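K.L.:
Quick one: the structure is below, questions incoming.
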Amino acid sequence: MQQFTLNTPEGIHLGFIVFLPDDEYEEPPQSGVCMLRLQAADASSAELPADNPLQAWAEQTLLWRVEGDTLTIHDSTGHPVADLRQQYLRLAGRLFVLSDLNGNL
């Protein structure tokens with residue numbers, strides 16, 4: 001399991017995202033599910049557009065898969081909705097920054 005904070009590029013905290021591998025013994029994991037938990041006070045920030053793509057995301061079970069040097073996130077129908085490269089998450093044309101919590105606990 002990998003846990004991250006989800007922030008805007010300006011540093012506004014929006015919530016948390018957790019990645020769970022399909023096979024916890026595979027090293028490194030190649031696929032799994034992910035879940036998003038928004039922080040209510042910050043997620044309604046003016047930094048986000050009115051049609052906040054994160055809100056719809058928080059209500060779905062999402063799948064992830066490693067594809068080359070990118071982690072691609074898919075909705076429950078298998079359609080790609082976002083990609084993660086290094087600490088940057090791209091979703092609906094917006095850029096978000098992830099900070100690893102595993103090393104901070």
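Letters A, B, ... go to the chains of the structure tokens in the order shown; residues in each chain start at 1; ligands are counted from 1 in the same order.
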When you look at A:Leu95 with a cut-off of 12 Å (counting only C-alpha atoms), what residues show up, excluding the ones that are within fewer than 3 positions of it in the same chain? I need them as a count of residues only.

P.N.:
21

K.L.:
Fewer than 5 positions away in the same chain doesn't count, so skip those; otherwise give me all residues within 9 Å of A:Arg37, counting only C-alpha atoms, as a VMD selection string.

P.N.:
chain A and resid 14 to 18 58

K.L.:
Give me, as a ChimeraX atom specification, the residues of chain A that a backbone DSSP run labels strand (DSSP E or B).

P.N.:
/A:2-7,13-21,31-38,62-67,70-74,80-85,88-91,94-100

K.L.:
Taking into account only C-alpha atoms, which residue in the set A:Val33, A:Ile12, A:Leu38, A:Val97 is nearest to A:Val66?

P.N.:
A:Val33

K.L.:
In Å, rounded to a single decimal, give me how far atom CA of A:Tyr25 is from atom CA of A:Phe96.

P.N.:
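Taking atom CA of A:Phe96 and atom CA of A:Tyr25, their separation equals 28.9 Å.
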
K.L.:
Under the rule that only C-alpha atoms are counted, which of A:Leu20, A:Arg94, A:Glu67, A:His13 is the nearest residue to A:Gln39?

P.N.:
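Answer, going by the shortest atom-to-atom distance: A:His13.
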
K.L.:
Taking into account only C-alpha atoms, which residue in the set A:Ser99, A:Thr72, A:Arg65, A:Phe4 is nearest to A:Pro29?

P.N.:
A:Arg65

K.L.:
Could you please write out, as a count of residues only, every residue of chain A that DSSP assigns to alpha helix (DSSP H)?

P.N.:
10

K.L.:
Have a look at A:Leu62, A:Gly93, A:His74, A:Pro80 and name the one nearest to A:Cys34; count only C-alpha atoms.

P.N.:
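Of the candidates, the smallest distance to A:Cys34 is held by A:Leu62.
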
K.L.:
To one decimal place, how far is atom CA of A:Ala56 from atom CA of A:Asp69 in Å?

P.N.:
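The value is 26.1 Å.
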
K.L.:
State, in Å with one decimal place, the distance from atom CA of A:Ser31 to atom CA of A:Phe19.

P.N.:
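Taking atom CA of A:Ser31 and atom CA of A:Phe19, their separation equals 9.2 Å.
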